[in-house]
file structure-v9.cif (mmCIF, C-alpha atoms)
data_model
loop_
_atom_site.label_atom_id
_atom_site.label_comp_id
_atom_site.auth_asym_id
_atom_site.auth_seq_id
_atom_site.Cartn_x
_atom_site.Cartn_y
_atom_site.Cartn_z
CA MET A 1 10.14 27.22 27.76
CA ALA A 2 8.81 28.66 24.49
CA LEU A 3 6.15 26.40 23.05
CA THR A 4 5.12 25.77 19.45
CA PHE A 5 1.67 24.42 18.59
CA SER A 6 0.69 22.98 15.24
CA ILE A 7 -2.26 21.31 13.55
CA ARG A 8 -2.10 18.43 11.07
CA VAL A 9 -5.06 17.61 8.85
CA ASN A 10 -5.68 15.06 6.13
CA ASN A 11 -6.12 15.93 2.48
CA ASP A 12 -9.61 14.52 2.42
CA LEU A 13 -10.49 18.22 2.80
CA THR A 14 -10.98 20.22 -0.39
CA PRO A 15 -8.57 23.14 -0.97
CA ARG A 16 -11.25 25.58 0.16
CA GLN A 17 -12.01 23.54 3.28
CA PHE A 18 -8.32 23.36 4.14
CA ALA A 19 -8.00 27.12 3.77
CA GLU A 20 -10.94 27.56 6.14
CA VAL A 21 -9.26 25.23 8.66
CA ALA A 22 -6.02 27.22 8.35
CA VAL A 23 -7.88 30.47 9.06
CA VAL A 24 -9.47 28.92 12.16
CA ALA A 25 -6.09 27.59 13.33
CA GLU A 26 -4.45 30.98 12.87
CA SER A 27 -7.18 32.77 14.81
CA SER A 28 -6.98 30.08 17.52
CA GLY A 29 -3.30 30.76 18.18
CA PHE A 30 -1.56 27.94 16.32
CA ASP A 31 1.88 28.48 14.82
CA GLN A 32 1.87 25.88 12.02
CA VAL A 33 -0.69 24.00 9.93
CA TRP A 34 0.22 20.89 7.94
CA VAL A 35 -1.83 19.05 5.33
CA SER A 36 -1.09 15.52 4.15
CA HIS A 37 -0.66 14.53 0.51
CA ASP A 38 -1.98 10.97 0.64
CA LEU A 39 -2.60 9.43 -2.76
CA LEU A 40 -5.99 9.63 -4.46
CA LEU A 41 -7.40 12.37 -2.25
CA HIS A 42 -7.34 16.16 -2.78
CA SER A 43 -3.96 17.48 -3.92
CA ALA A 44 -2.07 19.38 -1.24
CA PHE A 45 -0.37 21.24 -4.10
CA ALA A 46 -3.69 23.00 -4.70
CA SER A 47 -4.58 23.42 -1.03
CA LEU A 48 -1.43 25.13 0.20
CA PRO A 49 -1.48 28.28 -1.98
CA VAL A 50 -5.17 28.86 -1.27
CA ALA A 51 -4.47 28.67 2.46
CA LEU A 52 -1.39 30.91 2.23
CA LEU A 53 -3.44 33.59 0.50
CA SER A 54 -6.22 33.23 3.10
CA THR A 55 -3.95 33.72 6.15
CA ARG A 56 -1.33 36.22 7.24
CA ARG A 57 0.81 34.78 10.04
CA VAL A 58 0.59 31.01 10.40
CA LYS A 59 3.21 28.79 8.71
CA LEU A 60 1.96 26.12 6.33
CA GLY A 61 3.43 22.90 5.02
CA ILE A 62 2.73 19.60 3.30
CA GLY A 63 3.31 16.69 5.61
CA ILE A 64 4.52 14.70 3.85
CA LEU A 65 5.78 14.39 0.26
CA ASN A 66 7.74 11.38 -0.90
CA PRO A 67 10.47 11.17 -3.58
CA TYR A 68 8.84 8.22 -5.35
CA THR A 69 5.82 10.08 -6.75
CA VAL A 70 7.25 13.64 -6.66
CA HIS A 71 10.78 14.37 -7.87
CA PRO A 72 12.86 16.50 -5.47
CA ALA A 73 13.40 19.08 -8.24
CA GLU A 74 9.62 19.49 -8.50
CA MET A 75 9.41 19.88 -4.73
CA ALA A 76 12.09 22.58 -4.76
CA MET A 77 10.38 24.45 -7.61
CA TYR A 78 7.01 24.30 -5.88
CA PHE A 79 8.12 25.41 -2.42
CA GLY A 80 10.49 28.04 -3.80
CA SER A 81 7.56 29.54 -5.71
CA LEU A 82 5.31 29.41 -2.64
CA ASP A 83 7.99 31.21 -0.63
CA ALA A 84 7.78 34.03 -3.15
CA ILE A 85 4.04 34.28 -2.37
CA ALA A 86 4.42 34.18 1.42
CA PRO A 87 8.08 34.64 2.43
CA GLY A 88 9.08 32.82 5.60
CA ARG A 89 5.75 31.01 5.99
CA VAL A 90 6.40 27.82 4.02
CA LEU A 91 7.45 24.45 5.45
CA ILE A 92 8.55 21.32 3.60
CA GLY A 93 7.58 17.89 4.89
CA LEU A 94 9.60 15.04 3.37
CA GLY A 95 9.40 11.31 4.02
CA ALA A 96 9.28 7.86 2.50
CA GLY A 97 5.50 7.66 2.29
CA ALA A 98 3.33 4.69 3.18
CA GLY A 99 4.25 1.57 1.24
CA ASP A 100 0.70 0.22 1.13
CA PHE A 101 -0.66 3.50 -0.29
CA LEU A 102 2.09 3.65 -2.94
CA SER A 103 1.27 0.10 -3.95
CA TRP A 104 -2.21 1.27 -5.02
CA VAL A 105 -0.62 2.89 -8.07
CA GLY A 106 2.09 0.29 -8.65
CA VAL A 107 4.95 2.20 -6.99
CA ARG A 108 7.46 0.24 -4.94
CA ARG A 109 9.05 1.95 -1.96
CA THR A 110 12.66 0.81 -2.42
CA ARG A 111 15.53 1.80 -0.09
CA PRO A 112 13.45 4.42 1.77
CA LEU A 113 16.24 5.82 3.92
CA ALA A 114 18.56 6.36 0.95
CA ALA A 115 15.72 7.81 -1.12
CA VAL A 116 14.77 10.37 1.54
CA GLU A 117 18.37 11.32 2.31
CA GLY A 118 19.06 11.79 -1.39
CA ALA A 119 15.95 13.91 -1.81
CA LEU A 120 16.90 16.09 1.15
CA THR A 121 20.37 16.64 -0.32
CA GLN A 122 18.89 17.55 -3.71
CA ILE A 123 16.38 19.99 -2.24
CA ARG A 124 19.14 21.70 -0.27
CA TYR A 125 21.28 21.93 -3.40
CA LEU A 126 18.50 23.53 -5.41
CA LEU A 127 17.02 25.88 -2.81
CA ASP A 128 20.02 26.72 -0.64
CA LYS A 129 22.89 26.19 -3.10
CA GLU A 130 24.41 23.76 -0.58
CA GLY A 131 26.66 20.81 -1.43
CA PRO A 132 28.01 19.43 -4.71
CA VAL A 133 26.00 18.76 -7.85
CA PRO A 134 23.91 15.63 -7.13
CA ALA A 135 25.08 12.47 -8.87
CA GLY A 136 23.69 12.17 -12.39
CA TRP A 137 22.62 15.80 -12.60
CA ASP A 138 23.83 18.17 -15.33
CA PRO A 139 25.99 20.88 -13.73
CA SER A 140 25.07 23.28 -16.55
CA ALA A 141 21.33 23.06 -15.77
CA PRO A 142 19.59 26.34 -14.84
CA SER A 143 19.61 27.36 -11.19
CA LEU A 144 16.42 28.02 -9.27
CA PRO A 145 15.79 31.63 -8.22
CA SER A 146 17.08 32.36 -4.75
CA SER A 147 14.67 32.20 -1.85
CA GLY A 148 14.95 32.37 1.89
CA ARG A 149 15.90 29.14 3.62
CA ILE A 150 12.81 26.94 3.78
CA PRO A 151 12.77 24.53 6.75
CA VAL A 152 12.63 20.84 5.87
CA TYR A 153 10.96 18.48 8.34
CA LEU A 154 11.31 14.72 7.99
CA GLY A 155 8.25 12.60 8.54
CA ALA A 156 9.92 9.77 10.40
CA MET A 157 8.97 6.64 12.32
CA SER A 158 11.93 4.28 12.07
CA PRO A 159 15.04 4.73 14.23
CA LYS A 160 17.26 5.33 11.18
CA MET A 161 14.91 7.95 9.71
CA LEU A 162 14.66 9.77 13.04
CA THR A 163 18.44 9.75 13.33
CA LEU A 164 18.68 11.20 9.81
CA ALA A 165 16.35 14.00 10.86
CA GLY A 166 18.77 14.84 13.65
CA ARG A 167 21.75 14.78 11.30
CA ALA A 168 20.41 16.80 8.42
CA ALA A 169 16.89 18.22 8.75
CA ASP A 170 15.45 21.33 10.36
CA GLY A 171 12.66 19.44 12.07
CA ALA A 172 11.16 16.03 12.69
CA LEU A 173 7.55 14.90 12.46
CA PRO A 174 7.49 11.50 14.22
CA LEU A 175 4.19 10.46 12.70
CA LEU A 176 2.11 7.50 13.83
CA PHE A 177 3.61 7.37 17.32
CA PRO A 178 1.50 7.14 20.46
CA PRO A 179 2.17 10.05 22.83
CA GLU A 180 4.06 7.94 25.36
CA ARG A 181 6.79 7.15 22.79
CA TYR A 182 7.82 10.78 22.32
CA ALA A 183 10.94 10.36 24.47
CA GLU A 184 12.14 7.52 22.25
CA ALA A 185 11.77 9.66 19.11
CA ARG A 186 13.40 12.64 20.83
CA ASP A 187 16.45 10.62 21.85
CA LEU A 188 16.94 9.20 18.34
CA VAL A 189 16.80 12.66 16.77
CA ALA A 190 19.23 13.95 19.41
CA SER A 191 21.68 11.13 18.69
CA GLY A 192 21.66 12.03 14.98
CA ALA A 193 22.32 15.66 15.80
CA ARG A 194 25.29 14.73 17.98
CA GLU A 195 26.67 12.51 15.17
CA ALA A 196 26.66 15.52 12.85
CA GLY A 197 28.11 17.88 15.46
CA ARG A 198 24.88 19.84 15.66
CA GLU A 199 23.18 21.31 18.68
CA THR A 200 20.15 19.18 19.52
CA GLY A 201 18.13 22.38 19.80
CA ALA A 202 18.73 23.02 16.09
CA VAL A 203 16.08 20.42 15.23
CA ASP A 204 12.43 21.18 15.95
CA ILE A 205 11.07 17.85 17.20
CA ALA A 206 7.28 17.87 17.07
CA ALA A 207 5.47 15.70 19.57
CA CYS A 208 2.96 14.44 17.00
CA ILE A 209 -0.18 13.14 18.61
CA TRP A 210 -3.47 12.04 17.16
CA CYS A 211 -6.31 13.59 19.06
CA SER A 212 -10.05 13.77 18.83
CA VAL A 213 -11.54 16.38 21.10
CA SER A 214 -15.20 17.22 21.64
CA ASP A 215 -17.70 17.95 24.37
CA ASP A 216 -19.24 14.63 23.26
CA GLU A 217 -16.79 11.96 24.43
CA GLU A 218 -18.39 9.12 22.46
CA ALA A 219 -18.34 11.12 19.22
CA ALA A 220 -14.69 11.96 19.84
CA ARG A 221 -13.85 8.31 20.36
CA THR A 222 -15.68 7.23 17.19
CA ALA A 223 -13.82 9.78 15.06
CA LEU A 224 -10.44 8.58 16.39
CA ALA A 225 -11.32 4.91 15.90
CA GLU A 226 -12.11 5.52 12.22
CA LYS A 227 -8.79 7.28 11.63
CA ILE A 228 -6.76 4.59 13.40
CA ALA A 229 -8.53 1.96 11.32
CA TYR A 230 -7.75 3.77 8.05
CA TYR A 231 -4.04 4.09 8.80
CA GLY A 232 -3.70 0.80 10.65
CA ALA A 233 -1.40 -0.82 8.11
CA SER A 234 1.03 2.09 8.33
CA PHE A 235 1.85 1.65 12.02
CA SER A 236 5.18 -0.06 12.60
CA ASP A 237 5.38 -3.50 14.17
CA THR A 238 7.35 -1.94 17.03
CA VAL A 239 4.63 0.58 17.86
CA LEU A 240 1.85 -2.01 17.63
CA GLY A 241 3.90 -4.56 19.58
CA GLY A 242 4.28 -2.08 22.42
CA LEU A 243 0.51 -2.20 22.78
CA GLY A 244 0.32 -5.98 22.51
CA LEU A 245 -1.00 -5.80 18.93
CA VAL A 246 -0.02 -7.02 15.46
CA ALA A 247 -1.11 -5.56 12.12
CA ASP A 248 -3.73 -8.26 11.58
CA ASP A 249 -5.55 -7.11 14.71
CA LEU A 250 -6.46 -3.88 12.89
CA ARG A 251 -7.40 -5.52 9.59
CA PRO A 252 -11.16 -6.04 10.26
CA ALA A 253 -11.62 -2.39 11.25
CA ARG A 254 -9.63 -1.18 8.23
CA GLU A 255 -11.67 -3.32 5.87
CA ALA A 256 -14.83 -1.83 7.35
CA VAL A 257 -13.56 1.73 6.73
CA MET A 258 -12.37 0.97 3.20
CA SER A 259 -15.71 -0.59 2.29
CA GLY A 260 -17.74 2.29 3.73
CA ARG A 261 -18.98 0.43 6.82
CA ASP A 262 -17.85 3.18 9.22
CA ARG A 263 -20.53 2.36 11.79
CA ASP A 264 -18.90 -1.05 12.36
CA VAL A 265 -15.47 0.37 13.21
CA GLY A 266 -16.21 1.12 16.86
CA ARG A 267 -16.85 -2.54 17.69
CA LEU A 268 -14.06 -3.87 15.43
CA ILE A 269 -11.17 -1.70 16.60
CA PRO A 270 -9.20 -3.31 19.45
CA GLU A 271 -9.46 -1.32 22.67
CA ALA A 272 -5.66 -1.32 22.98
CA ALA A 273 -5.39 0.45 19.61
CA MET A 274 -7.18 3.51 20.99
CA ALA A 275 -4.02 4.29 22.97
CA LEU A 276 -2.42 5.28 19.65
CA GLY A 277 -4.14 8.63 20.10
CA ILE A 278 -6.11 10.71 22.59
CA ALA A 279 -9.89 11.01 22.50
CA GLY A 280 -12.22 12.86 24.83
CA LEU A 281 -12.83 16.16 26.56
CA PRO A 282 -10.30 19.03 26.52
CA SER A 283 -9.18 18.09 30.05
CA THR A 284 -8.12 14.65 28.79
CA ILE A 285 -6.00 16.25 26.06
CA VAL A 286 -4.39 18.63 28.57
CA ASP A 287 -3.36 15.82 30.91
CA ARG A 288 -1.65 13.80 28.16
CA CYS A 289 0.05 16.89 26.71
CA ARG A 290 1.46 17.87 30.10
CA ALA A 291 3.13 14.48 30.26
CA LEU A 292 4.77 15.23 26.90
CA MET A 293 5.98 18.59 28.16
CA ASP A 294 7.42 16.93 31.25
CA ALA A 295 9.42 14.74 28.81
CA GLY A 296 10.86 17.88 27.23
CA ALA A 297 8.48 18.48 24.33
CA SER A 298 8.40 22.12 23.24
CA HIS A 299 6.34 21.55 20.08
CA ILE A 300 2.95 19.87 20.40
CA SER A 301 1.40 18.86 17.08
CA PHE A 302 -2.27 17.86 17.09
CA GLY A 303 -3.19 15.50 14.28
CA PRO A 304 -6.34 14.17 12.69
CA PRO A 305 -9.11 13.49 13.17
CA LEU A 306 -9.01 16.32 15.80
CA GLY A 307 -12.71 15.70 16.42
CA PRO A 308 -16.11 15.00 14.86
CA ASP A 309 -15.99 18.57 13.50
CA PRO A 310 -12.34 19.53 12.76
CA SER A 311 -12.88 23.30 12.83
CA ALA A 312 -14.84 23.13 16.09
CA ALA A 313 -12.13 20.89 17.54
CA ILE A 314 -9.39 23.35 16.58
CA GLU A 315 -11.31 26.18 18.23
CA LEU A 316 -11.73 24.03 21.34
CA LEU A 317 -8.00 23.24 21.41
CA GLY A 318 -7.18 26.93 21.03
CA ALA A 319 -9.65 28.05 23.69
CA GLU A 320 -9.37 25.32 26.33
CA VAL A 321 -6.13 23.37 25.80
CA ILE A 322 -3.38 25.77 24.69
CA PRO A 323 -4.09 28.38 27.43
CA ARG A 324 -3.84 25.68 30.12
CA LEU A 325 -0.56 24.38 28.70
CA VAL A 326 1.14 27.79 28.54
CA SER A 327 -0.09 29.03 31.93
#
call {"tool": "encode", "arguments": {"input": "structure-v9.cif", "output": "structure tokens"}}
result
Amino acid sequence: MALTFSIRVNNDLTPRQFAEVAVVAESSGFDQVWVSHDLLLHSAFASLPVALLSTRRVKLGIGILNPYTVHPAEMAMYFGSLDAIAPGRVLIGLGAGAGDFLSWVGVRRTRPLAAVEGALTQIRYLLDKEGPVPAGWDPSAPSLPSSGRIPVYLGAMSPKMLTLAGRAADGALPLLFPPERYAEARDLVASGAREAGRETGAVDIAACIWCSVSDDEEAARTALAEKIAYYGASFSDTVLGGLGLVADDLRPAREAVMSGRDRDVGRLIPEAAMALGIAGLPSTIVDRCRALMDAGASHISFGPPLGPDPSAAIELLGAEVIPRLVS
């Protein structure tokens, strides 16, 4: 089975820092690198071109953009232009975004499934000349320059969004899922593909895990706890319920992170919440990833925090985890 390995990092990194991470990931054997575009941090629009010009092989994408703060036409223009810089190396990540983050700037996330499906249709129309003119658009408007087909991955957590990925996208990024729920996401994407008469293998389903790897187990655990606390409100009730948790259980730890009291997070985060990711030595990461591969995963995507030092963690994953998974 051919395997794909990718890295996901947050846009708390500056554009230059992200480019450095991408270089490390490329030299460590990774196939893809994704950067988030969370509000009020560094713009992924600036980070991606710097990284593309700093690397030669690895594919790069923004995971994810939402149609509430970025119009699909702007997305198509941006990624089409990037494809002209680095043909065949650009990936589009599309999703509904996190409602609590959007609320910071007064944006309401209305009808997320319809919004994402509409955006996907519009991007395909502009970049691939597929489908009819979108409703409300002027058919006499200029056409974007042609580019190669740019894969669109849906950042999806809900059953309906995962099914949509199977029906219409090139890939799925089931974000904010604990590793043991990969099979559930896989089956939902596969059902969407069957609905649309597509081969299930046509959709690249990434087994998205949060990991924190280091030779210092306690430091790895602390880094993961802080990230889980920051994104706590974005986890679905279903995912949290599977661990015997509710959103309020994560609130004290999140408040500590948001107020700069990071040192308090370790004692405030519920122990059960640590199962949302993987923290520890490389051997711990290998064991959990092998379980994913046994469930049929052919794309393992390692997400933040990766470790106390992200670049060192990526090197460790490339040197001690990937070789043991492909052997």
call {"tool": "closest_atom_pairs", "arguments": {"input": "structure-v9.cif", "of": "range 71-181 of chain A", "to": "range 28-49 of chain A", "cutoff": "8 Å", "atoms": "only C-alpha atoms", "output": "CSV"}}
result
residue,atom,partner,partner_atom,distance
A:Leu82,CA,A:Pro49,CA,6.9
A:Phe101,CA,A:Leu39,CA,6.7
A:Leu102,CA,A:Leu39,CA,7.4
call {"tool": "residues_near_point", "arguments": {"input": "structure-v9.cif", "point": "(10.6, 20.7, 9.6)", "cutoff": "10 Å", "atoms": "all atoms listed in the file", "output": "JSON, numbers by chain"}}
result
{"A": [61, 63, 90, 91, 92, 93, 94, 150, 151, 152, 153, 154, 155, 165, 169, 170, 171, 172, 173, 203, 204, 205, 206]}
call {"tool": "atom_distance", "arguments": {"input": "structure-v9.cif", "atom1": "CA of Thr238 in chain A", "atom2": "CA of Pro270 in chain A"}}
result
16.8 Å
call {"tool": "closest_residue", "arguments": {"input": "structure-v9.cif", "among": "A:Ala2, A:Leu250, A:Val213, A:Ala207", "to": "Ile314 in chain A", "atoms": "only C-alpha atoms"}}
result
A:Val213
call {"tool": "resolve_selection", "arguments": {"input": "structure-v9.cif", "expression": "the PyMOL selection byres ((chain A and resi 284-286) around 10)", "output": "list of chain:residue names"}}
result
A:Ile209, A:Cys211, A:Ser212, A:Val213, A:Gly277, A:Ile278, A:Ala279, A:Gly280, A:Leu281, A:Pro282, A:Ser283, A:Asp287, A:Arg288, A:Cys289, A:Arg290, A:Ala291, A:Leu292, A:Phe302, A:Leu317, A:Glu320, A:Val321, A:Ile322, A:Pro323, A:Arg324, A:Leu325
call {"tool": "atom_distance", "arguments": {"input": "structure-v9.cif", "atom1": "CA of Arg109 in chain A", "atom2": "CA of Asp237 in chain A"}}
result
17.4 Å
call {"tool": "resolve_selection", "arguments": {"input": "structure-v9.cif", "expression": "the PyMOL selection byres ((chain A and resi 81) around 10)", "output": "MDAnalysis selection string"}}
result
chainID A and resid 49 75:80 82:87 90 144:147
call {"tool": "closest_residue", "arguments": {"input": "structure-v9.cif", "among": "A:Tyr182, A:Trp210, A:Phe177, A:Tyr125", "to": "Phe235 in chain A", "atoms": "all atoms listed in the file"}}
result
A:Phe177
call {"tool": "closest_residue", "arguments": {"input": "structure-v9.cif", "among": "A:Gly296, A:Pro310, A:Gly232, A:Pro134", "to": "Glu184 in chain A", "atoms": "all atoms listed in the file"}}
result
A:Gly296
call {"tool": "atom_distance", "arguments": {"input": "structure-v9.cif", "atom1": "CA of Gly307 in chain A", "atom2": "CA of Ala96 in chain A"}}
result
27.2 Å
call {"tool": "closest_residue", "arguments": {"input": "structure-v9.cif", "among": "A:Val58, A:Leu175, A:Ser158, A:Ala168", "to": "Leu120 in chain A", "atoms": "all atoms listed in the file"}}
result
A:Ala168
call {"tool": "closest_residue", "arguments": {"input": "structure-v9.cif", "among": "A:Thr121, A:Thr200, A:Thr14, A:Thr110", "to": "Pro72 in chain A", "atoms": "only C-alpha atoms"}}
result
A:Thr121
call {"tool": "resolve_selection", "arguments": {"input": "structure-v9.cif", "expression": "the PyMOL selection byres ((chain A and resi 300) around 7)", "output": "JSON, numbers by chain"}}
result
{"A": [4, 5, 6, 206, 207, 208, 297, 298, 299, 301, 302]}
call {"tool": "residues_around", "arguments": {"input": "structure-v9.cif", "residues": "Glu255 in chain A", "least_positions_apart": "4", "cutoff": "10 Å", "atoms": "all atoms listed in the file", "output": "PDB file with C-alpha atoms, in the frame of the given file"}}
result
ATOM      1  CA  ALA A 229      -8.530   1.960  11.320  1.00  0.00           C
ATOM      2  CA  TYR A 230      -7.750   3.770   8.050  1.00  0.00           C
ATOM      3  CA  LEU A 250      -6.460  -3.880  12.890  1.00  0.00           C
ATOM      4  CA  ARG A 251      -7.400  -5.520   9.590  1.00  0.00           C
ATOM      5  CA  SER A 259     -15.710  -0.590   2.290  1.00  0.00           C
ATOM      6  CA  GLY A 260     -17.740   2.290   3.730  1.00  0.00           C
ATOM      7  CA  ARG A 261     -18.980   0.430   6.820  1.00  0.00           C
ATOM      8  CA  ASP A 262     -17.850   3.180   9.220  1.00  0.00           C
ATOM      9  CA  ASP A 264     -18.900  -1.050  12.360  1.00  0.00           C
ATOM     10  CA  VAL A 265     -15.470   0.370  13.210  1.00  0.00           C
ATOM     11  CA  LEU A 268     -14.060  -3.870  15.430  1.00  0.00           C
TER      12      LEU A 268
END
call {"tool": "residues_around", "arguments": {"input": "structure-v9.cif", "residues": "Ala141 in chain A", "least_positions_apart": "4", "cutoff": "12 Å", "atoms": "all atoms listed in the file", "output": "count of residues only"}}
result
6
call {"tool": "axis_aligned_box", "arguments": {"input": "structure-v9.cif", "around": "range 66-83 of chain A", "padding_each_side": "6 Å", "output": "lines of an AutoDock Vina configuration file"}}
result
center_x = 9.4
center_y = 19.7
center_z = -4.6
size_x = 20.1
size_y = 35.0
size_z = 19.9
call {"tool": "build_atoms", "arguments": {"input": "structure-v9.cif", "residues": "range 35-53 of chain A", "atoms": "N, CA and C atoms", "output": "CSV table (one decimal), in the coordinates of the input"}}
result
chain,number,residue,atom,x,y,z
A,35,VAL,N,-0.8,19.9,6.0
A,35,VAL,CA,-1.8,19.0,5.3
A,35,VAL,C,-1.1,17.9,4.7
A,36,SER,N,-1.7,16.7,4.7
A,36,SER,CA,-1.1,15.5,4.2
A,36,SER,C,-1.3,15.5,2.6
A,37,HIS,N,-0.6,14.6,2.0
A,37,HIS,CA,-0.7,14.5,0.5
A,37,HIS,C,-0.8,13.0,0.2
A,38,ASP,N,-1.7,12.4,0.9
A,38,ASP,CA,-2.0,11.0,0.6
A,38,ASP,C,-2.6,10.8,-0.8
A,39,LEU,N,-2.2,9.7,-1.4
A,39,LEU,CA,-2.6,9.4,-2.8
A,39,LEU,C,-4.1,9.3,-2.9
A,40,LEU,N,-4.6,9.8,-4.0
A,40,LEU,CA,-6.0,9.6,-4.5
A,40,LEU,C,-7.0,10.4,-3.6
A,41,LEU,N,-6.5,11.4,-2.9
A,41,LEU,CA,-7.4,12.4,-2.2
A,41,LEU,C,-7.2,13.7,-2.9
A,42,HIS,N,-7.6,14.8,-2.2
A,42,HIS,CA,-7.3,16.2,-2.8
A,42,HIS,C,-5.9,16.5,-2.8
A,43,SER,N,-5.4,17.2,-3.8
A,43,SER,CA,-4.0,17.5,-3.9
A,43,SER,C,-3.6,18.6,-3.0
A,44,ALA,N,-2.6,18.3,-2.1
A,44,ALA,CA,-2.1,19.4,-1.2
A,44,ALA,C,-1.4,20.5,-2.0
A,45,PHE,N,-1.0,20.2,-3.3
A,45,PHE,CA,-0.4,21.2,-4.1
A,45,PHE,C,-1.4,22.3,-4.4
A,46,ALA,N,-2.6,22.0,-4.5
A,46,ALA,CA,-3.7,23.0,-4.7
A,46,ALA,C,-4.1,23.7,-3.4
A,47,SER,N,-4.1,22.9,-2.3
A,47,SER,CA,-4.6,23.4,-1.0
A,47,SER,C,-3.7,24.5,-0.4
A,48,LEU,N,-2.4,24.3,-0.5
A,48,LEU,CA,-1.4,25.1,0.2
A,48,LEU,C,-1.5,26.6,-0.3
A,49,PRO,N,-1.4,26.9,-1.6
A,49,PRO,CA,-1.5,28.3,-2.0
A,49,PRO,C,-2.8,29.0,-1.6
A,50,VAL,N,-3.9,28.2,-1.7
A,50,VAL,CA,-5.2,28.9,-1.3
A,50,VAL,C,-5.1,29.3,0.2
A,51,ALA,N,-4.6,28.4,1.0
A,51,ALA,CA,-4.5,28.7,2.5
A,51,ALA,C,-3.5,29.8,2.7
A,52,LEU,N,-2.4,29.8,2.0
A,52,LEU,CA,-1.4,30.9,2.2
A,52,LEU,C,-2.0,32.3,1.9
A,53,LEU,N,-2.8,32.3,0.9
A,53,LEU,CA,-3.4,33.6,0.5
A,53,LEU,C,-4.6,34.0,1.4
